[in-house]
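Novice: Structure file coords_33.cif (mmCIF, C-alpha atoms) right here:
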data_entry
#
loop_
_atom_site.label_atom_id
_atom_site.label_comp_id
_atom_site.auth_asym_id
_atom_site.auth_seq_id
_atom_site.Cartn_x
_atom_site.Cartn_y
_atom_site.Cartn_z
CA VAL M 88 -90.31 -65.70 -30.45
CA VAL M 89 -92.94 -67.60 -32.40
CA SER M 90 -94.47 -64.75 -34.42
CA VAL M 91 -94.41 -60.96 -34.62
CA ARG M 92 -97.48 -58.81 -35.26
CA ASP M 93 -98.13 -55.06 -35.30
CA PHE M 94 -99.51 -55.21 -31.75
CA GLY M 95 -96.74 -57.37 -30.28
CA ALA M 96 -95.04 -60.76 -30.38
CA PHE M 97 -96.03 -64.25 -29.28
CA VAL M 98 -93.28 -65.85 -27.25
CA ASP M 99 -92.85 -69.61 -26.67
CA LEU M 100 -92.34 -70.12 -22.95
CA GLY M 101 -91.74 -73.87 -23.32
CA GLY M 102 -94.01 -76.88 -23.01
CA GLY M 103 -96.35 -75.56 -25.70
CA VAL M 104 -97.19 -72.46 -23.62
CA GLN M 105 -97.16 -69.07 -25.34
CA GLY M 106 -97.44 -65.56 -23.95
CA LEU M 107 -98.01 -62.19 -25.56
CA LEU M 108 -95.37 -59.48 -25.40
CA HIS M 109 -97.50 -56.43 -26.18
CA VAL M 110 -95.85 -53.55 -28.05
CA SER M 111 -96.44 -51.25 -25.05
CA ASP M 112 -94.35 -53.60 -22.86
CA MET M 113 -91.41 -53.92 -25.26
CA GLY M 114 -89.54 -50.81 -24.17
CA TRP M 115 -89.88 -47.57 -22.23
CA SER M 116 -89.62 -45.66 -25.52
CA ARG M 117 -92.50 -45.78 -27.96
CA ILE M 118 -92.09 -48.72 -30.37
CA SER M 119 -93.64 -47.96 -33.75
CA ASN M 120 -92.45 -51.08 -35.56
CA THR M 121 -92.42 -54.33 -33.58
CA GLU M 122 -90.23 -56.03 -36.19
CA GLN M 123 -87.42 -53.58 -35.45
CA PHE M 124 -87.53 -54.66 -31.79
CA VAL M 125 -87.84 -58.44 -32.14
CA SER M 126 -87.99 -61.01 -34.94
CA ALA M 127 -89.45 -64.50 -35.25
CA GLY M 128 -87.04 -67.19 -34.10
CA GLU M 129 -85.13 -64.81 -31.83
CA GLU M 130 -84.56 -65.82 -28.21
CA ILE M 131 -85.39 -63.09 -25.71
CA THR M 132 -85.67 -62.68 -21.95
CA VAL M 133 -89.11 -61.63 -20.71
CA LYS M 134 -90.89 -61.09 -17.43
CA VAL M 135 -94.30 -62.68 -16.79
CA LEU M 136 -96.62 -59.79 -15.91
CA ARG M 137 -100.02 -61.50 -15.63
CA VAL M 138 -101.53 -64.94 -15.94
CA ASP M 139 -105.27 -65.01 -16.55
CA GLU M 140 -106.51 -68.48 -15.62
CA ASP M 141 -110.00 -67.85 -17.05
CA THR M 142 -108.85 -66.87 -20.55
CA GLN M 143 -105.58 -68.81 -20.33
CA LYS M 144 -103.62 -65.78 -21.51
CA ILE M 145 -100.16 -64.79 -20.33
CA SER M 146 -98.93 -61.19 -20.57
CA LEU M 147 -95.19 -60.64 -20.89
CA GLY M 148 -92.88 -57.63 -20.64
CA VAL M 149 -89.33 -56.66 -21.48
CA LYS M 150 -89.28 -53.05 -20.28
CA GLN M 151 -90.06 -54.24 -16.75
CA LEU M 152 -86.59 -55.82 -16.65
CA SER M 153 -84.98 -52.35 -16.62
CA GLU M 154 -85.44 -49.25 -14.45
CA ASP M 155 -88.34 -46.95 -15.20
CA PRO M 156 -86.75 -43.79 -16.70
CA TRP M 157 -89.19 -41.57 -14.79
CA LEU M 158 -87.70 -42.70 -11.47
CA SER M 159 -84.37 -41.01 -12.14
CA GLY M 160 -84.79 -39.08 -15.38
CA ALA M 161 -87.49 -36.68 -14.23
CA THR M 162 -85.00 -35.02 -11.87
CA ASN M 163 -82.95 -33.97 -14.92
CA PHE M 164 -85.70 -31.61 -16.08
CA ALA M 165 -86.60 -28.07 -15.03
CA VAL M 166 -89.16 -25.58 -16.30
CA GLY M 167 -87.51 -23.20 -18.75
CA GLN M 168 -84.90 -25.71 -19.93
CA ILE M 169 -84.26 -25.96 -23.64
CA ARG M 170 -84.03 -29.55 -24.90
CA THR M 171 -83.71 -31.34 -28.19
CA GLY M 172 -86.49 -33.85 -28.71
CA ARG M 173 -87.84 -36.20 -31.36
CA VAL M 174 -91.52 -36.01 -32.29
CA THR M 175 -92.85 -39.54 -31.86
CA ARG M 176 -96.45 -39.02 -32.97
CA LEU M 177 -99.14 -36.46 -33.63
CA ALA M 178 -102.59 -36.47 -32.02
CA ASP M 179 -105.55 -34.14 -32.57
CA PHE M 180 -104.52 -32.09 -29.53
CA GLY M 181 -100.74 -31.90 -30.01
CA ALA M 182 -97.41 -33.60 -30.66
CA PHE M 183 -95.68 -36.10 -28.38
CA VAL M 184 -91.96 -35.45 -28.07
CA GLU M 185 -89.39 -37.92 -26.69
CA LEU M 186 -86.96 -35.89 -24.58
CA GLU M 187 -85.01 -38.90 -23.28
CA PRO M 188 -85.58 -42.60 -23.92
CA GLY M 189 -88.87 -43.39 -22.20
CA ILE M 190 -89.73 -39.80 -21.25
CA GLU M 191 -92.12 -37.93 -23.51
CA GLY M 192 -93.48 -34.43 -23.33
CA LEU M 193 -96.55 -32.98 -25.02
CA ALA M 194 -96.42 -29.92 -27.24
CA HIS M 195 -100.09 -28.95 -27.03
CA ALA M 196 -101.65 -27.55 -30.19
CA SER M 197 -102.15 -24.22 -28.38
CA THR M 198 -98.38 -23.77 -27.96
CA PHE M 199 -97.76 -23.52 -31.71
CA PRO M 200 -97.98 -20.20 -33.54
CA PRO M 201 -101.50 -19.46 -34.84
CA THR M 202 -102.12 -20.22 -38.50
CA GLY M 203 -105.82 -19.44 -38.86
CA ARG M 204 -106.60 -23.12 -39.53
CA GLN M 205 -107.80 -25.58 -36.90
CA ASP M 206 -105.03 -28.13 -37.58
CA GLY M 207 -102.54 -25.60 -38.96
CA TRP M 208 -100.13 -26.34 -36.11
CA LYS M 209 -99.42 -29.74 -37.73
CA GLY M 210 -97.49 -27.90 -40.44
CA PHE M 211 -94.75 -27.07 -37.90
CA VAL M 212 -93.81 -30.69 -37.00
CA THR M 213 -94.04 -34.22 -38.36
CA ALA M 214 -93.47 -37.56 -36.68
CA GLY M 215 -89.78 -38.43 -36.64
CA VAL M 216 -88.48 -34.87 -36.83
CA THR M 217 -85.96 -33.69 -34.22
CA ALA M 218 -86.33 -30.11 -33.01
CA THR M 219 -85.67 -27.80 -30.07
CA PHE M 220 -88.30 -27.52 -27.34
CA GLU M 221 -88.70 -25.51 -24.17
CA LEU M 222 -90.04 -27.20 -21.04
CA LEU M 223 -93.13 -25.31 -19.90
CA SER M 224 -94.44 -27.53 -17.10
CA ILE M 225 -93.45 -30.69 -15.25
CA ASP M 226 -95.66 -33.00 -13.19
CA ALA M 227 -93.47 -36.00 -12.33
CA ASP M 228 -96.24 -37.65 -10.28
CA LYS M 229 -98.53 -37.75 -13.33
CA ARG M 230 -95.59 -38.34 -15.70
CA ARG M 231 -96.40 -35.26 -17.74
CA ILE M 232 -94.14 -32.64 -19.25
CA GLY M 233 -95.50 -29.74 -21.26
CA VAL M 234 -93.21 -28.47 -24.01
CA ALA M 235 -93.30 -25.88 -26.76
CA LEU M 236 -91.50 -25.89 -30.08
CA LEU M 237 -88.87 -23.16 -30.25
CA GLN M 238 -88.57 -21.38 -33.53
CA ASP M 239 -85.60 -19.23 -34.43
CA GLY M 240 -84.12 -19.89 -30.98
CA VAL M 241 -86.69 -17.66 -29.27
CA SER M 242 -87.65 -18.71 -25.75
CA ARG M 243 -91.31 -18.66 -24.70
CA ALA M 244 -90.34 -17.90 -21.11
CA VAL M 245 -91.61 -14.55 -19.88
CA PRO M 246 -88.68 -12.13 -19.52
CA THR M 247 -88.07 -10.78 -16.04
CA GLN M 248 -89.78 -7.43 -15.67
CA LYS M 249 -89.53 -4.77 -12.99
CA ASP M 250 -92.41 -4.41 -10.54
CA THR M 251 -94.89 -2.00 -12.14
CA SER M 252 -97.65 -2.23 -9.52
CA GLY M 253 -99.20 1.16 -8.85
CA GLU M 254 -98.06 2.70 -12.14
CA ILE M 255 -100.57 4.31 -14.47
CA VAL M 256 -100.36 3.12 -18.04
CA ALA M 257 -102.21 4.10 -21.22
CA GLY M 258 -104.19 1.59 -23.23
CA ALA M 259 -106.53 1.49 -26.19
CA ARG M 260 -110.25 0.71 -26.12
CA LEU M 261 -111.25 -2.28 -28.24
#
For this file, write the structure as C-alpha cells.

Specialist:
Amino acid sequence: VVSVRDFGAFVDLGGGVQGLLHVSDMGWSRISNTEQFVSAGEEITVKVLRVDEDTQKISLGVKQLSEDPWLSGATNFAVGQIRTGRVTRLADFGAFVELEPGIEGLAHASTFPPTGRQDGWKGFVTAGVTATFELLSIDADKRRIGVALLQDGVSRAVPTQKDTSGEIVAGARL
C-alpha cells in the first residue's frame, strides 16, 4: 500500500503501476475509517476489478476475494425475527443497521415513534449504537431488509386476531 486516503488506498502493483482500492471495495461491511482497514506500507492481496485503458486507471477490490454475505446470509432472516444490530449511519430517511457483517437493513424514519418534529426520530438512535430490531420486510433479490427499532421489548408485529368479518362494531365520528 502506497498511501491511504478517506476514499480508499493506492496500492503498488509492481513495475511502477498503481491501482485504487476504493473504500466500498474493502469489505462487505461498511468501512468508515480506511486507516483501520489498511495502512501505508502494508502488503495486501487484491483482485483487479477493472482496467480503463483510456484513463489508465486500475480499480481493485478485497471484498471480492470472499463470498458475498447475501448469497448465504439472507436465508438466515425471516419477517418477524428479532435481531440485534449496529446502526452504521443515519440518512434523512432513516437509519442503516448492520444485522450481520455485510448485511444491512433500513429502519425507515416512519418506523420510529412520532415526536412531532420532522427529524425527531434521530433522537432514538445514533451511529455506532447497538440495539434490538424487528425484521419487517425482506427482499433478497434487491438486497433490502426493512427493520424497526424495538423499544421496551415490544414487537411491532400485529397480534393474531380472530376473524371478525360480518360483525357489527361501534365507532366514533371524527

Novice: Identify all residues satisfying the PyMOL selection byres ((chain M and resi 149) around 12) in the given file; provide them as a ChimeraX atom specification.

Specialist: /M:95-96,98,107-116,124-125,131-136,146-148,150-155

Novice: Which one of M:Leu222, M:Ala227, M:Ala127, M:Val104 sits closest to Gly172 of chain M if you count only C-alpha atoms?

Specialist: M:Leu222

Novice: Residues around (-93.3, -37.6, -29.0), cut-off 10 Å, counting all atoms listed in the file - what are they as a VMD selection string?

Specialist: chain M and resid 116 to 117 172 to 178 181 to 186 189 to 194 213 to 217

Novice: Please evaluate the PyMOL selection byres ((chain M and resi 236) around 7) against the displayed coordinates and give the resulting residues as a PyMOL selection string.

Specialist: chain M and resi 194+199+219-221+234-235+237-238

Novice: One decimal, Å: what's the distance from atom CA of Thr142 of chain M over to atom CA of Val91 of chain M, could you say?

Specialist: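 Computed distance, atom CA of Thr142 of chain M to atom CA of Val91 of chain M, equals 21.0 Å.
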
Novice: Between M:Lys209, M:Val166, M:Gln105, M:Thr198, which one has atoms that come closest to Val138 of chain M, using all atoms listed in the file?

Specialist: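 Comparing M:Lys209, M:Val166, M:Gln105, M:Thr198 against Val138 of chain M, the winner is M:Gln105.
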
Novice: For atom CA of Ile145 of chain M and atom CA of Gly103 of chain M, determine how far apart the two atoms are, in Å to one decimal place.

Specialist: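 Here the two named atoms are 12.6 Å from each other.
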
Novice: Can you tell me how far atom CA of Val88 of chain M sits from atom CA of Glu130 of chain M, in Å to one decimal?

Specialist: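 Computing it gives 6.2 Å between the two atoms.
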
Novice: Neighbours of Asp228 of chain M within 12 Å (all atoms listed in the file; same-chain residues fewer than 3 positions away dropped), as a PyMOL selection string?

Specialist: chain M and resi 157-158+161-162+225+231-232
